[in-house]
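J.: Dropping the structure in here first, questions after.
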Amino acid sequence: MAEEVLVEAYGPVAVITLNRPQAHNSLSPGIIQGLGEAYQRCDTDDSVRAVVLTGAGKSFCAGADMSAGAQTFDGEAVSVEVDSCPLAMQAFEVRKPVIAACSGHAVGAGLGIAMQTDIRVFADECKYGFLQSRRGVVTDFAMEFILPRVVGMEKALELLMRGQRLSGQEAVAWGLAGRSVPAAEVLATALEIARDIAVNSAPMAVAMHKRLLWQGLHMTYNGLAEKESRALNFTMSKPDAIEGGMAWFERREPVWQGSLAEDWPAWMDE
(Lines give C-alpha, C1' and ligand atoms only; values in the text may rest on other atoms or scores of the structure.)
Protein backbone atom coordinates (compact mmCIF):
# COMPACT_ATOMS: atom_id res chain seq x y z
CA MET A 1 0.00 0.00 0.00
CA ALA A 2 1.32 3.46 -0.90
CA GLU A 3 2.37 5.73 1.96
CA GLU A 4 -0.68 7.76 2.91
CA VAL A 5 1.19 10.86 4.11
CA LEU A 6 4.22 12.16 2.24
CA VAL A 7 6.77 14.71 3.48
CA GLU A 8 9.05 16.45 1.00
CA ALA A 9 11.58 19.23 1.55
CA TYR A 10 11.72 22.25 -0.73
CA GLY A 11 14.59 24.13 0.83
CA PRO A 12 13.39 25.45 4.21
CA VAL A 13 9.75 24.56 3.41
CA ALA A 14 8.34 21.12 4.12
CA VAL A 15 5.35 20.00 2.05
CA ILE A 16 3.09 17.45 3.71
CA THR A 17 0.79 15.68 1.25
CA LEU A 18 -2.27 13.62 2.19
CA ASN A 19 -1.86 10.77 -0.24
CA ARG A 20 -5.09 8.79 -0.66
CA PRO A 21 -6.24 10.35 -3.95
CA GLN A 22 -8.32 7.31 -4.89
CA ALA A 23 -10.40 7.95 -1.73
CA HIS A 24 -10.29 11.76 -1.95
CA ASN A 25 -7.82 11.74 0.95
CA SER A 26 -10.59 10.74 3.33
CA LEU A 27 -9.45 9.94 6.86
CA SER A 28 -7.88 6.58 7.60
CA PRO A 29 -5.65 5.26 10.39
CA GLY A 30 -2.70 5.87 8.06
CA ILE A 31 -3.70 9.48 7.42
CA ILE A 32 -4.27 10.18 11.13
CA GLN A 33 -1.03 8.58 12.27
CA GLY A 34 1.04 9.87 9.37
CA LEU A 35 -0.13 13.47 9.69
CA GLY A 36 0.55 13.60 13.42
CA GLU A 37 4.01 12.13 12.90
CA ALA A 38 4.73 14.55 10.05
CA TYR A 39 3.81 17.49 12.25
CA GLN A 40 6.10 16.20 15.01
CA ARG A 41 8.96 15.77 12.54
CA CYS A 42 8.55 19.30 11.18
CA ASP A 43 8.31 20.79 14.67
CA THR A 44 11.66 19.39 15.81
CA ASP A 45 13.66 19.77 12.57
CA ASP A 46 15.49 23.12 12.47
CA SER A 47 15.94 22.82 8.70
CA VAL A 48 12.16 23.21 8.37
CA ARG A 49 11.04 26.80 8.84
CA ALA A 50 7.56 26.62 7.33
CA VAL A 51 5.11 23.86 6.44
CA VAL A 52 2.60 23.54 3.60
CA LEU A 53 -0.16 20.96 3.94
CA THR A 54 -1.90 19.80 0.75
CA GLY A 55 -3.75 16.83 -0.71
CA ALA A 56 -3.00 14.64 -3.71
CA GLY A 57 -5.55 14.48 -6.52
CA LYS A 58 -8.81 16.39 -6.76
CA SER A 59 -9.52 16.79 -3.04
CA PHE A 60 -7.69 18.25 -0.08
CA CYS A 61 -9.57 15.94 2.28
CA ALA A 62 -13.12 14.61 2.02
CA GLY A 63 -13.38 14.00 5.76
CA ALA A 64 -14.68 10.67 7.02
CA ASP A 65 -14.30 7.66 4.77
CA MET A 66 -17.90 6.91 3.78
CA SER A 67 -17.08 3.66 2.00
CA ALA A 68 -18.52 1.68 4.94
CA GLY A 69 -21.95 3.03 4.07
CA ALA A 70 -24.43 2.84 6.93
CA GLN A 71 -21.71 1.65 9.33
CA THR A 72 -19.54 4.75 8.87
CA PHE A 73 -20.98 6.43 11.97
CA ASP A 74 -22.56 3.37 13.59
CA GLY A 75 -21.57 3.62 17.24
CA GLU A 76 -21.98 -0.13 17.76
CA ALA A 77 -19.71 -0.86 14.81
CA VAL A 78 -16.92 1.49 15.91
CA SER A 79 -14.48 -0.32 18.19
CA VAL A 80 -12.18 2.62 18.87
CA GLU A 81 -13.32 5.54 21.00
CA VAL A 82 -13.53 8.70 18.92
CA ASP A 83 -11.20 11.50 19.96
CA SER A 84 -12.17 14.97 18.75
CA CYS A 85 -8.45 15.73 18.23
CA PRO A 86 -7.00 12.34 17.22
CA LEU A 87 -3.68 13.59 15.86
CA ALA A 88 -0.52 13.02 17.90
CA MET A 89 0.24 16.70 17.28
CA GLN A 90 -2.15 19.36 16.05
CA ALA A 91 -1.18 21.94 13.43
CA PHE A 92 -1.48 24.76 15.96
CA GLU A 93 1.03 23.00 18.23
CA VAL A 94 3.73 22.98 15.54
CA ARG A 95 6.08 25.88 16.21
CA LYS A 96 6.54 26.56 12.51
CA PRO A 97 3.78 28.24 10.43
CA VAL A 98 1.50 25.65 8.85
CA ILE A 99 -0.26 26.73 5.66
CA ALA A 100 -3.10 24.68 4.19
CA ALA A 101 -3.09 24.62 0.38
CA CYS A 102 -6.64 23.42 -0.30
CA SER A 103 -6.57 23.12 -4.08
CA GLY A 104 -9.37 20.57 -3.86
CA HIS A 105 -12.55 20.09 -1.84
CA ALA A 106 -12.28 20.16 1.96
CA VAL A 107 -15.40 19.04 3.82
CA GLY A 108 -16.29 17.70 7.24
CA ALA A 109 -13.21 16.63 9.18
CA GLY A 110 -11.12 17.61 6.15
CA LEU A 111 -12.08 21.23 6.64
CA GLY A 112 -11.46 20.79 10.37
CA ILE A 113 -7.87 19.77 9.64
CA ALA A 114 -7.46 22.86 7.45
CA MET A 115 -8.95 25.13 10.12
CA GLN A 116 -6.32 23.99 12.62
CA THR A 117 -3.60 25.47 10.42
CA ASP A 118 -2.40 29.06 10.68
CA ILE A 119 -3.05 30.26 7.12
CA ARG A 120 -5.38 28.80 4.49
CA VAL A 121 -5.43 29.15 0.71
CA PHE A 122 -8.66 27.94 -0.91
CA ALA A 123 -9.61 27.32 -4.53
CA ASP A 124 -12.30 29.42 -6.20
CA GLU A 125 -13.97 26.45 -7.84
CA CYS A 126 -13.88 23.97 -4.92
CA LYS A 127 -16.31 23.32 -2.06
CA TYR A 128 -15.80 23.76 1.68
CA GLY A 129 -18.13 22.99 4.54
CA PHE A 130 -18.86 21.17 7.78
CA LEU A 131 -21.34 18.52 6.68
CA GLN A 132 -21.48 16.51 9.91
CA SER A 133 -24.94 17.70 10.97
CA ARG A 134 -26.28 16.46 7.63
CA ARG A 135 -24.73 13.07 8.39
CA GLY A 136 -26.24 12.89 11.86
CA VAL A 137 -23.07 13.42 13.89
CA VAL A 138 -21.15 16.15 15.71
CA THR A 139 -18.03 17.72 14.22
CA ASP A 140 -14.49 16.99 15.39
CA PHE A 141 -11.01 18.57 15.61
CA ALA A 142 -12.33 21.00 18.26
CA MET A 143 -14.22 23.17 15.80
CA GLU A 144 -16.54 24.49 18.51
CA PHE A 145 -13.45 26.05 20.09
CA ILE A 146 -11.71 27.28 16.95
CA LEU A 147 -14.56 28.46 14.70
CA PRO A 148 -16.12 31.11 17.00
CA ARG A 149 -12.68 32.61 17.48
CA VAL A 150 -12.02 32.70 13.74
CA VAL A 151 -15.37 33.67 12.21
CA GLY A 152 -17.51 34.74 15.18
CA MET A 153 -20.27 32.94 17.06
CA GLU A 154 -23.17 33.49 14.65
CA LYS A 155 -21.27 32.29 11.60
CA ALA A 156 -19.85 29.34 13.53
CA LEU A 157 -23.34 28.33 14.60
CA GLU A 158 -24.70 28.48 11.06
CA LEU A 159 -21.71 26.65 9.57
CA LEU A 160 -22.01 23.78 12.04
CA MET A 161 -25.79 23.54 12.34
CA ARG A 162 -26.70 24.14 8.70
CA GLY A 163 -23.74 22.34 7.16
CA GLN A 164 -23.84 24.22 3.88
CA ARG A 165 -21.19 23.98 1.16
CA LEU A 166 -19.32 27.18 0.25
CA SER A 167 -17.19 28.01 -2.76
CA GLY A 168 -13.66 29.20 -2.11
CA GLN A 169 -14.63 32.84 -2.52
CA GLU A 170 -17.70 32.40 -0.29
CA ALA A 171 -15.52 30.73 2.35
CA VAL A 172 -13.19 33.74 2.32
CA ALA A 173 -16.18 36.05 2.76
CA TRP A 174 -17.25 33.96 5.76
CA GLY A 175 -13.75 34.30 7.24
CA LEU A 176 -12.69 30.66 6.86
CA ALA A 177 -9.62 31.55 4.78
CA GLY A 178 -7.53 34.58 3.97
CA ARG A 179 -7.53 34.11 0.21
CA SER A 180 -9.02 32.10 -2.63
CA VAL A 181 -7.36 31.70 -6.03
CA PRO A 182 -7.88 29.42 -9.03
CA ALA A 183 -7.15 25.81 -8.06
CA ALA A 184 -4.10 25.64 -10.30
CA GLU A 185 -2.51 28.50 -8.32
CA VAL A 186 -3.26 27.33 -4.77
CA LEU A 187 -0.10 25.35 -4.06
CA ALA A 188 2.18 27.96 -5.64
CA THR A 189 0.49 30.68 -3.57
CA ALA A 190 0.94 28.72 -0.35
CA LEU A 191 4.58 27.98 -1.17
CA GLU A 192 5.23 31.65 -1.86
CA ILE A 193 3.87 32.62 1.55
CA ALA A 194 5.83 29.82 3.23
CA ARG A 195 9.10 30.73 1.52
CA ASP A 196 8.70 34.41 2.40
CA ILE A 197 8.32 33.56 6.08
CA ALA A 198 11.07 30.92 6.01
CA VAL A 199 13.64 33.24 4.44
CA ASN A 200 12.80 36.68 5.78
CA SER A 201 11.45 36.08 9.31
CA ALA A 202 13.51 34.86 12.25
CA PRO A 203 12.48 31.29 13.22
CA MET A 204 12.41 32.00 16.95
CA ALA A 205 10.32 35.15 16.58
CA VAL A 206 7.91 33.34 14.24
CA ALA A 207 7.55 30.42 16.65
CA MET A 208 6.98 32.68 19.63
CA HIS A 209 4.42 34.79 17.79
CA LYS A 210 2.53 31.65 16.85
CA ARG A 211 2.63 30.20 20.34
CA LEU A 212 1.55 33.48 21.93
CA LEU A 213 -1.34 33.93 19.51
CA TRP A 214 -2.74 30.44 20.04
CA GLN A 215 -2.15 30.54 23.81
CA GLY A 216 -3.71 33.99 23.94
CA LEU A 217 -7.09 32.54 22.98
CA HIS A 218 -7.53 31.36 26.55
CA MET A 219 -5.30 33.76 28.52
CA THR A 220 -6.07 37.00 30.30
CA TYR A 221 -4.80 40.26 28.84
CA ASN A 222 -2.32 40.75 31.67
CA GLY A 223 -1.08 37.18 31.46
CA LEU A 224 -0.51 37.42 27.72
CA ALA A 225 1.15 40.84 27.94
CA GLU A 226 3.55 39.60 30.63
CA LYS A 227 4.51 36.54 28.60
CA GLU A 228 4.89 38.61 25.43
CA SER A 229 7.32 40.94 27.22
CA ARG A 230 9.33 37.98 28.44
CA ALA A 231 9.48 36.63 24.88
CA LEU A 232 10.52 40.04 23.54
CA ASN A 233 13.36 40.33 26.04
CA PHE A 234 14.45 36.78 25.24
CA THR A 235 14.65 37.44 21.49
CA MET A 236 16.39 40.78 21.99
CA SER A 237 19.22 38.93 23.74
CA LYS A 238 19.86 36.64 20.76
CA PRO A 239 22.11 37.15 17.68
CA ASP A 240 19.12 37.20 15.31
CA ALA A 241 18.03 40.52 16.80
CA ILE A 242 21.23 42.01 15.37
CA GLU A 243 21.15 39.99 12.17
CA GLY A 244 17.70 41.23 11.19
CA GLY A 245 18.77 44.85 11.29
CA MET A 246 22.10 44.20 9.57
CA ALA A 247 20.46 42.25 6.75
CA TRP A 248 18.08 45.13 6.15
CA PHE A 249 20.90 47.69 6.28
CA GLU A 250 23.09 45.68 3.89
CA ARG A 251 20.16 44.88 1.57
CA ARG A 252 20.66 41.11 1.73
CA GLU A 253 18.79 38.04 2.90
CA PRO A 254 19.24 37.38 6.62
CA VAL A 255 21.22 34.41 7.88
CA TRP A 256 19.25 33.30 10.91
CA GLN A 257 21.02 31.43 13.71
CA GLY A 258 18.20 30.75 16.16
CA SER A 259 17.53 27.07 16.86
CA LEU A 260 14.18 25.92 18.21
CA ALA A 261 15.67 22.51 18.93
CA GLU A 262 18.39 23.98 21.17
CA ASP A 263 17.21 27.40 22.35
CA TRP A 264 13.44 27.10 22.88
CA PRO A 265 12.65 28.14 26.47
CA ALA A 266 10.48 25.74 28.45
CA TRP A 267 8.44 28.61 29.88
CA MET A 268 6.93 29.29 26.45
CA ASP A 269 4.94 26.07 26.77
CA GLU A 270 3.68 26.77 30.28
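In the C-alpha coordinates, chains take the letters A, B, ... in the order shown, each chain's residues start at 1, and ligands count up from 1 in the order shown.
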Could you pull the residues within 12 Å of Gln22 of chain A, counting only C-alpha atoms, minus those fewer than 5 positions along the same chain, as a list in words?

T.: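 Counting only the stated atoms, we get Ala2, Glu4, Gly55, Ala56, Gly57, Lys58, Ser59, Phe60, Cys61, Ala62, Asp65 and Ser67 of chain A.
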
J.: From a backbone DSSP assignment, name each residue in segment 13-114 of chain A labelled strand (DSSP E or B), as number ranges by chain.

T.: A: 13-18, 50-55, 59-61, 98-102, 105-107

J.: I'd like the interatomic distance between atom CA of His24 of chain A and atom CA of Ser103 of chain A, to a tenth of an Å.

T.: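 Going from atom CA of His24 of chain A over to atom CA of Ser103 of chain A covers 12.1 Å.
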
J.: Find the residues near segment 200-209 of chain A: any atom within 8 Å, counting only C-alpha atoms, skip ones fewer than 5 places away on the same chain, and give them as a count of residues only.

T.: 16

J.: Any idea what the distance is between atom CA of Leu191 of chain A and atom CA of Ile16 of chain A?

T.: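 If I compute the distance from atom CA of Leu191 of chain A to atom CA of Ile16 of chain A, I get 11.7 Å.
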
J.: Give me the residues within 12 Å of Ala184 of chain A as a short mmCIF file (atom, residue, chain, number, x, y, z; two decimals) with N, CA, C and O atoms, in the first residue's frame, counting only C-alpha atoms and dropping any in the same chain fewer than 4 places off.

T.:
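Everything below was put into selection_9.cif:
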data_model
loop_
_atom_site.label_atom_id
_atom_site.label_comp_id
_atom_site.auth_asym_id
_atom_site.auth_seq_id
_atom_site.Cartn_x
_atom_site.Cartn_y
_atom_site.Cartn_z
N GLY A 57 -4.33 14.68 -5.73
CA GLY A 57 -5.55 14.48 -6.52
C GLY A 57 -6.51 15.65 -6.47
O GLY A 57 -6.09 16.80 -6.31
N LYS A 58 -7.79 15.35 -6.60
CA LYS A 58 -8.81 16.39 -6.76
C LYS A 58 -9.35 16.95 -5.44
O LYS A 58 -10.12 17.91 -5.46
N ALA A 101 -2.88 24.34 1.81
CA ALA A 101 -3.09 24.62 0.38
C ALA A 101 -4.23 23.72 -0.09
O ALA A 101 -4.00 22.58 -0.53
N CYS A 102 -5.45 24.23 0.01
CA CYS A 102 -6.64 23.42 -0.30
C CYS A 102 -7.03 23.63 -1.76
O CYS A 102 -7.99 24.34 -2.07
N SER A 103 -6.28 22.99 -2.65
CA SER A 103 -6.57 23.12 -4.08
C SER A 103 -7.70 22.23 -4.52
O SER A 103 -8.10 22.25 -5.68
N GLY A 104 -8.21 21.42 -3.60
CA GLY A 104 -9.37 20.57 -3.86
C GLY A 104 -10.40 20.75 -2.76
O GLY A 104 -10.22 21.56 -1.84
N VAL A 121 -5.22 28.70 2.09
CA VAL A 121 -5.43 29.15 0.71
C VAL A 121 -6.44 28.21 0.09
O VAL A 121 -6.20 27.00 0.00
N PHE A 122 -7.59 28.74 -0.32
CA PHE A 122 -8.66 27.94 -0.91
C PHE A 122 -8.69 28.12 -2.43
O PHE A 122 -8.05 29.03 -2.97
N ALA A 123 -9.45 27.27 -3.08
CA ALA A 123 -9.61 27.32 -4.53
C ALA A 123 -10.99 27.87 -4.87
O ALA A 123 -11.99 27.44 -4.29
N ASP A 124 -11.03 28.78 -5.83
CA ASP A 124 -12.30 29.42 -6.20
C ASP A 124 -13.37 28.40 -6.53
O ASP A 124 -14.54 28.53 -6.14
N GLU A 125 -12.99 27.35 -7.27
CA GLU A 125 -13.97 26.45 -7.84
C GLU A 125 -14.27 25.23 -6.98
O GLU A 125 -15.05 24.35 -7.38
N CYS A 126 -13.67 25.15 -5.77
CA CYS A 126 -13.88 23.97 -4.92
C CYS A 126 -14.89 24.27 -3.81
O CYS A 126 -15.31 25.40 -3.62
N SER A 180 -8.58 33.14 -1.72
CA SER A 180 -9.02 32.10 -2.63
C SER A 180 -8.54 32.46 -4.02
O SER A 180 -8.71 33.59 -4.47
N ALA A 188 1.14 26.97 -5.40
CA ALA A 188 2.18 27.96 -5.64
C ALA A 188 2.00 29.16 -4.71
O ALA A 188 2.99 29.72 -4.19
N THR A 189 0.76 29.55 -4.47
CA THR A 189 0.49 30.68 -3.57
C THR A 189 0.91 30.34 -2.15
O THR A 189 1.55 31.15 -1.46
N ALA A 190 0.56 29.14 -1.70
CA ALA A 190 0.94 28.72 -0.35
C ALA A 190 2.44 28.62 -0.21
O ALA A 190 3.02 29.03 0.82
#

J.: Go through segment 1-235 of chain A and collect every residue that DSSP, computed from the backbone, puts in helix (DSSP H, G or I); the answer should be as a PyMOL selection string.

T.: chain A and resi 21-23+29-44+66-71+91-93+109-115+132-135+143-151+153-162+168-174+183-200+203-218+221-235

J.: Using only C-alpha atoms, which residues of segment 153-270 of chain A come within 12 Å of segment 134-141 of chain A, and what is the closest atom pair for each, with the distance in Å to one decimal? Give it as JSON lines, sorted by chain and residue number.

T.:
{"residue": "A:Ala156", "atom": "CA", "partner": "A:Thr139", "partner_atom": "CA", "distance": 11.8}
{"residue": "A:Leu157", "atom": "CA", "partner": "A:Thr139", "partner_atom": "CA", "distance": 11.9}
{"residue": "A:Leu159", "atom": "CA", "partner": "A:Thr139", "partner_atom": "CA", "distance": 10.7}
{"residue": "A:Leu160", "atom": "CA", "partner": "A:Thr139", "partner_atom": "CA", "distance": 7.6}
{"residue": "A:Met161", "atom": "CA", "partner": "A:Arg134", "partner_atom": "CA", "distance": 8.5}
{"residue": "A:Arg162", "atom": "CA", "partner": "A:Arg134", "partner_atom": "CA", "distance": 7.8}
{"residue": "A:Gly163", "atom": "CA", "partner": "A:Arg134", "partner_atom": "CA", "distance": 6.4}
{"residue": "A:Gln164", "atom": "CA", "partner": "A:Arg134", "partner_atom": "CA", "distance": 9.0}
{"residue": "A:Arg165", "atom": "CA", "partner": "A:Arg134", "partner_atom": "CA", "distance": 11.1}

J.: Between atom CA of Tyr128 of chain A and atom CA of Gly175 of chain A, what is the spacing in Å?

T.: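 Rounded to one decimal, the two atoms are 12.1 Å apart.
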
J.: Restricting the calculation to only C-alpha atoms: of A:Arg230, A:His105, A:Arg252, A:Arg211, which residue gets closest to Asp118 of chain A?

T.: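 Among the listed residues, A:Arg211 lies closest to Asp118 of chain A.
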
J.: Might you pull out every residue within 12 Å of Met143 of chain A, with only C-alpha atoms counted and same-chain residues fewer than 3 positions away left off, and present them as number ranges by chain?

T.: A: 84-85, 108-116, 129-130, 132, 138-140, 146-151, 153, 156-157, 159-160, 176

J.: Point out the residue among A:Glu270, A:Val52, A:Ser237, A:Gln169 with the least atom-to-atom distance to Gly223 of chain A, counting only C-alpha atoms.

T.: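 Looking at the shortest contact to Gly223 of chain A, the residue is A:Glu270.
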
J.: Just checking: using only C-alpha atoms, which residue out of A:Ser133, A:Asn222, A:Asn233, A:Thr17 ends up closest to Leu53 of chain A?

T.: A:Thr17

J.: For Val15 of chain A, which residue out of A:Ala194, A:Met89, A:Ala183, A:Leu27 is the nearest one, using only C-alpha atoms?

T.: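 For Val15 of chain A, the nearest of the candidates is A:Ala194.
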